[in-house]
file query.cif (mmCIF, C-alpha atoms and all ligand atoms)
data_data
#
loop_
_atom_site.label_atom_id
_atom_site.label_comp_id
_atom_site.auth_asym_id
_atom_site.auth_seq_id
_atom_site.Cartn_x
_atom_site.Cartn_y
_atom_site.Cartn_z
CA MET A 1 120.89 105.13 96.05
CA PRO A 2 123.48 102.36 96.41
CA HIS A 3 122.53 101.98 100.07
CA LEU A 4 119.17 100.60 98.97
CA ALA A 5 120.86 97.82 96.97
CA GLU A 6 123.11 97.16 99.94
CA GLY A 7 120.00 97.02 102.11
CA ILE A 8 118.41 94.40 99.87
CA ALA A 9 121.58 92.33 99.97
CA ARG A 10 121.71 92.58 103.77
CA PHE A 11 118.00 91.69 104.00
CA GLN A 12 118.52 88.58 101.92
CA ARG A 13 121.65 87.61 103.80
CA GLU A 14 120.69 88.39 107.41
CA VAL A 15 116.99 89.11 107.83
CA PHE A 16 115.14 86.82 105.45
CA PRO A 17 116.73 83.55 106.63
CA ALA A 18 115.63 84.30 110.22
CA LYS A 19 112.06 84.76 109.04
CA ALA A 20 112.02 82.11 106.32
CA GLY A 21 109.20 80.20 107.98
CA LEU A 22 107.06 83.31 108.24
CA PHE A 23 107.64 84.25 104.62
CA ALA A 24 106.88 80.67 103.54
CA ARG A 25 103.47 80.92 105.23
CA LEU A 26 102.88 84.44 103.88
CA ALA A 27 103.66 83.29 100.35
CA THR A 28 100.20 81.78 100.14
CA ALA A 29 98.26 83.64 102.83
CA HIS A 30 97.44 87.32 103.30
CA ARG A 31 95.38 87.85 106.42
CA PRO A 32 96.38 91.12 108.10
CA GLY A 33 94.37 92.02 111.17
CA THR A 34 94.80 95.77 110.92
CA LEU A 35 94.42 98.49 108.32
CA PHE A 36 96.95 101.22 109.13
CA ILE A 37 96.36 104.57 107.45
CA GLY A 38 99.30 106.86 107.99
CA CYS A 39 101.08 109.81 106.46
CA SER A 40 103.54 109.29 103.60
CA ASP A 41 106.10 111.12 105.74
CA ALA A 42 109.37 109.14 105.67
CA ARG A 43 109.75 109.44 109.44
CA VAL A 44 106.53 107.63 110.24
CA VAL A 45 107.14 103.93 109.60
CA PRO A 46 104.13 101.82 110.65
CA GLU A 47 105.90 98.48 111.09
CA LEU A 48 108.71 100.08 113.06
CA ILE A 49 106.44 102.03 115.40
CA THR A 50 104.25 99.01 116.11
CA GLN A 51 107.03 96.40 115.88
CA THR A 52 104.92 94.25 113.62
CA ASP A 53 106.00 91.51 111.25
CA PRO A 54 105.28 91.30 107.55
CA GLY A 55 101.71 90.16 107.05
CA GLU A 56 100.25 91.98 110.05
CA LEU A 57 99.49 95.48 108.76
CA PHE A 58 97.67 96.43 105.58
CA VAL A 59 99.09 99.90 105.01
CA VAL A 60 97.78 102.94 103.18
CA ARG A 61 99.92 106.05 103.34
CA THR A 62 98.81 109.39 101.95
CA ALA A 63 100.02 112.95 102.33
CA GLY A 64 98.59 114.13 105.64
CA ASN A 65 97.05 110.69 106.34
CA LEU A 66 93.94 111.98 104.61
CA VAL A 67 91.07 109.67 103.70
CA PRO A 68 88.58 111.39 101.40
CA ALA A 69 84.95 110.92 102.35
CA HIS A 70 83.14 108.44 100.14
CA THR A 71 82.06 109.63 96.69
CA PRO A 72 80.47 107.63 93.86
CA GLY A 73 83.73 107.70 91.91
CA THR A 74 86.68 105.45 92.59
CA ASP A 75 90.14 106.21 93.79
CA GLY A 76 93.10 104.32 95.16
CA VAL A 77 92.43 105.09 98.80
CA THR A 78 88.80 103.98 98.60
CA ALA A 79 89.79 100.76 96.84
CA ALA A 80 92.45 99.97 99.43
CA VAL A 81 90.08 100.64 102.33
CA GLU A 82 87.35 98.52 100.77
CA TYR A 83 89.75 95.67 100.04
CA ALA A 84 91.11 95.69 103.59
CA VAL A 85 87.72 95.86 105.29
CA ALA A 86 85.39 93.96 102.98
CA VAL A 87 87.73 91.37 101.46
CA LEU A 88 90.53 90.86 103.98
CA GLY A 89 88.24 91.44 106.95
CA VAL A 90 90.59 93.47 109.13
CA ARG A 91 89.30 93.90 112.69
CA ASP A 92 90.94 97.23 113.44
CA VAL A 93 91.49 100.39 111.43
CA ILE A 94 93.99 102.98 112.61
CA VAL A 95 94.37 106.51 111.32
CA CYS A 96 97.76 107.76 112.49
CA GLY A 97 98.76 111.40 112.37
CA HIS A 98 102.11 112.69 113.56
CA SER A 99 104.01 115.64 114.92
CA ALA A 100 105.60 118.12 112.51
CA CYS A 101 103.40 116.91 109.64
CA GLY A 102 104.31 118.88 106.52
CA ALA A 103 100.77 118.72 105.18
CA MET A 104 99.18 119.92 108.41
CA THR A 105 101.86 122.59 108.84
CA ALA A 106 101.19 123.94 105.34
CA LEU A 107 97.48 124.16 106.15
CA ALA A 108 97.79 125.56 109.64
CA GLU A 109 100.29 128.19 108.60
CA GLY A 110 98.67 128.97 105.26
CA HIS A 111 101.69 128.17 103.09
CA ASP A 112 101.63 129.21 99.44
CA LEU A 113 101.00 126.00 97.48
CA THR A 114 100.52 127.51 94.02
CA GLY A 115 103.62 125.62 92.88
CA ALA A 116 102.08 122.33 94.00
CA PRO A 117 98.48 122.46 92.78
CA ALA A 118 97.81 118.76 93.28
CA VAL A 119 98.96 119.01 96.88
CA ALA A 120 96.78 122.06 97.42
CA ALA A 121 93.76 120.25 95.98
CA TRP A 122 94.43 117.09 98.01
CA LEU A 123 94.73 119.04 101.25
CA ARG A 124 91.20 120.36 100.73
CA HIS A 125 90.15 117.06 102.32
CA ALA A 126 91.27 118.64 105.58
CA ASP A 127 89.11 121.76 105.18
CA ALA A 128 86.67 120.68 107.88
CA SER A 129 89.53 120.00 110.30
CA LEU A 130 90.97 123.41 109.57
CA ALA A 131 87.60 125.05 110.18
CA ARG A 132 87.03 123.24 113.47
CA THR A 133 90.53 124.08 114.70
CA ALA A 134 90.00 127.75 113.87
CA ALA A 135 86.59 127.73 115.56
CA ALA A 136 88.22 126.37 118.69
CA GLY A 137 90.55 129.35 118.72
CA ARG A 138 93.55 127.22 117.68
CA HIS A 139 94.17 128.75 114.25
CA GLY A 140 97.79 128.19 113.28
CA ASP A 141 98.27 125.48 115.93
CA VAL A 142 99.82 122.57 114.01
CA ALA A 143 99.51 120.05 116.85
CA ALA A 144 95.83 120.88 117.32
CA LEU A 145 95.20 120.49 113.59
CA VAL A 146 97.02 117.15 113.54
CA ARG A 147 94.71 115.80 116.25
CA GLU A 148 91.56 117.30 114.74
CA ASN A 149 92.55 115.90 111.37
CA VAL A 150 92.88 112.35 112.68
CA THR A 151 89.39 112.56 114.18
CA ALA A 152 88.01 114.00 110.93
CA GLN A 153 89.54 111.23 108.83
CA LEU A 154 87.95 108.62 111.09
CA ALA A 155 84.62 110.27 110.35
CA ASN A 156 85.43 110.27 106.63
CA LEU A 157 86.26 106.56 106.85
CA ALA A 158 82.84 105.84 108.31
CA THR A 159 81.21 107.27 105.15
CA HIS A 160 82.70 104.46 103.07
CA PRO A 161 80.05 101.76 102.62
CA SER A 162 82.46 98.94 103.40
CA VAL A 163 83.42 100.58 106.70
CA ALA A 164 79.85 101.63 107.52
CA ARG A 165 78.71 98.03 107.08
CA ALA A 166 81.52 96.61 109.19
CA LEU A 167 80.86 99.17 111.94
CA ALA A 168 77.15 98.37 111.94
CA GLU A 169 77.96 94.68 112.27
CA GLY A 170 80.47 95.33 115.04
CA ALA A 171 83.10 93.71 112.86
CA VAL A 172 85.65 96.51 112.97
CA ARG A 173 86.93 99.11 115.42
CA LEU A 174 88.34 102.51 114.49
CA HIS A 175 91.30 104.06 116.29
CA GLY A 176 92.94 107.48 116.11
CA TRP A 177 96.63 107.77 116.91
CA VAL A 178 99.18 110.57 116.93
CA PHE A 179 102.87 109.63 116.71
CA ASP A 180 105.43 112.03 118.17
CA ILE A 181 108.63 111.90 116.15
CA ALA A 182 110.82 113.53 118.77
CA ASP A 183 110.03 111.16 121.65
CA GLY A 184 108.63 108.08 119.91
CA THR A 185 105.35 108.08 121.82
CA VAL A 186 101.97 107.19 120.35
CA GLU A 187 98.91 108.89 121.79
CA GLU A 188 95.57 107.17 121.28
CA LEU A 189 92.89 109.78 120.83
CA PRO A 190 89.63 109.28 122.71
CA THR A 191 86.89 107.74 120.61
CA ALA A 192 84.10 107.91 123.20
CA ALA A 193 82.87 111.18 121.65
CA ARG A 194 81.98 109.24 118.53
CA PRO A 195 79.25 106.84 119.68
CA SER A 196 78.72 105.53 116.16
CA PHE A 197 82.19 104.00 116.45
CA ALA A 198 81.44 102.33 119.77
CA ALA A 199 80.77 98.97 118.14
ZN ZN A 201 102.56 114.02 107.64
#
call {"tool": "encode", "arguments": {"input": "query.cif", "output": "structure tokens"}}
result
Amino acid sequence: MPHLAEGIARFQREVFPAKAGLFARLATAHRPGTLFIGCSDARVVPELITQTDPGELFVVRTAGNLVPAHTPGTDGVTAAVEYAVAVLGVRDVIVCGHSACGAMTALAEGHDLTGAPAVAAWLRHADASLARTAAAGRHGDVAALVRENVTAQLANLATHPSVARALAEGAVRLHGWVFDIADGTVEELPTAARPSFAA
């Protein structure tokens, strides 16, 4: 991976000096306005898609951009969501799915995941999305599952106490996006069907 070391050298030589003032401010302040929850997929780069600077996005990336519904236990996703919403006070939360998602493709097409048991277990968080897609007659339709899954993860987010409180106070807005890798577009999914998110 020598290109990574070369990248760091180029960053320090060409990029950092141009943003030295920004990094000087960020050295002692962390006040992102947005929590971006996306897929771990290497092709979906939040800061690139949104053309945002360091310090603007608090990012959580998981396989399939899944956010488990709240449970009494703790996990890394829950902690990151709570920190962003309750401590950092982000105003917007985005769940971003994407075209050709490996996780959604595996689910939609029923891939054999016996060799990746942790992946199989993790993807169970999309069971409801899978069921709704099938009920709508779209079984096997990856694009339909991607969209349904974004909507379902927004609902899961709202079960987290930190998010529920912020929604009730009108302190945060939830957004569902789908990024298309082939053409670079971002579709914002309608949220009007979820009145509890209207605040
Ligand atoms: Zn993905």
call {"tool": "residues_around", "arguments": {"input": "query.cif", "residues": "His70 (chain A)", "least_positions_apart": "4", "cutoff": "12 Å", "atoms": "all atoms listed in the file", "output": "count of residues only"}}
result
21
call {"tool": "closest_residue", "arguments": {"input": "query.cif", "among": "A:Pro46, A:Gly38, A:Gly89, A:Gly21", "to": "Ala166 (chain A)", "atoms": "all atoms listed in the file"}}
result
A:Gly89
call {"tool": "residues_near_ligand", "arguments": {"input": "query.cif", "ligand": "ligand ZN 201 (chain A)", "cutoff": "8 Å", "atoms": "all atoms listed in the file", "output": "short mmCIF file (atom, residue, chain, number, x, y, z; two decimals) with C-alpha atoms, keeping the file's coordinate frame"}}
result
data_model
loop_
_atom_site.label_atom_id
_atom_site.label_comp_id
_atom_site.auth_asym_id
_atom_site.auth_seq_id
_atom_site.Cartn_x
_atom_site.Cartn_y
_atom_site.Cartn_z
CA GLY A 38 99.30 106.86 107.99
CA CYS A 39 101.08 109.81 106.46
CA SER A 40 103.54 109.29 103.60
CA ASP A 41 106.10 111.12 105.74
CA VAL A 44 106.53 107.63 110.24
CA ALA A 63 100.02 112.95 102.33
CA GLY A 64 98.59 114.13 105.64
CA ASN A 65 97.05 110.69 106.34
CA GLY A 97 98.76 111.40 112.37
CA HIS A 98 102.11 112.69 113.56
CA SER A 99 104.01 115.64 114.92
CA ALA A 100 105.60 118.12 112.51
CA CYS A 101 103.40 116.91 109.64
CA GLY A 102 104.31 118.88 106.52
CA ALA A 103 100.77 118.72 105.18
CA MET A 104 99.18 119.92 108.41
#
call {"tool": "atom_distance", "arguments": {"input": "query.cif", "atom1": "CA of Arg132 (chain A)", "atom2": "CA of Thr151 (chain A)"}}
result
11.0 Å
call {"tool": "closest_residue", "arguments": {"input": "query.cif", "among": "A:Leu113, A:Val142, A:Val59, A:Val150", "to": "Ile37 (chain A)", "atoms": "all atoms listed in the file"}}
result
A:Val59
call {"tool": "residues_around", "arguments": {"input": "query.cif", "residues": "region 186-188 of chain A", "least_positions_apart": "5", "cutoff": "7 Å", "atoms": "only C-alpha atoms", "output": "ChimeraX atom specification"}}
result
/A:176-180
call {"tool": "closest_residue", "arguments": {"input": "query.cif", "among": "A:Ala9, A:Leu66, A:Ala27, A:Cys96", "to": "Thr50 (chain A)", "atoms": "only C-alpha atoms"}}
result
A:Cys96
call {"tool": "atom_distance", "arguments": {"input": "query.cif", "atom1": "CA of Gly33 (chain A)", "atom2": "CA of Ala143 (chain A)"}}
result
29.1 Å
call {"tool": "atom_distance", "arguments": {"input": "query.cif", "atom1": "CA of Leu88 (chain A)", "atom2": "CA of Arg147 (chain A)"}}
result
28.1 Å
call {"tool": "closest_residue", "arguments": {"input": "query.cif", "among": "A:Arg31, A:Glu148, A:Arg13, A:Ile181", "to": "Val95 (chain A)", "atoms": "all atoms listed in the file"}}
result
A:Glu148
call {"tool": "closest_residue", "arguments": {"input": "query.cif", "among": "A:Val93, A:Leu26, A:Asp141, A:Ala80", "to": "Gly110 (chain A)", "atoms": "only C-alpha atoms"}}
result
A:Asp141
call {"tool": "axis_aligned_box", "arguments": {"input": "query.cif", "around": "region 87-105 of chain A", "padding_each_side": "8 Å", "output": "AutoDock Vina command-line options"}}
result
--center_x 96.7 --center_y 106.7 --center_z 108.2 --size_x 33.9 --size_y 47.7 --size_z 29.5
call {"tool": "residues_near_point", "arguments": {"input": "query.cif", "point": "(93.8, 97.1, 105.9)", "cutoff": "6 Å", "atoms": "all atoms listed in the file", "output": "ChimeraX atom specification"}}
result
/A:34-35,58,84,90
call {"tool": "closest_residue", "arguments": {"input": "query.cif", "among": "A:Ala42, A:Leu22, A:Val172, A:Ala131", "to": "Asn149 (chain A)", "atoms": "all atoms listed in the file"}}
result
A:Ala131
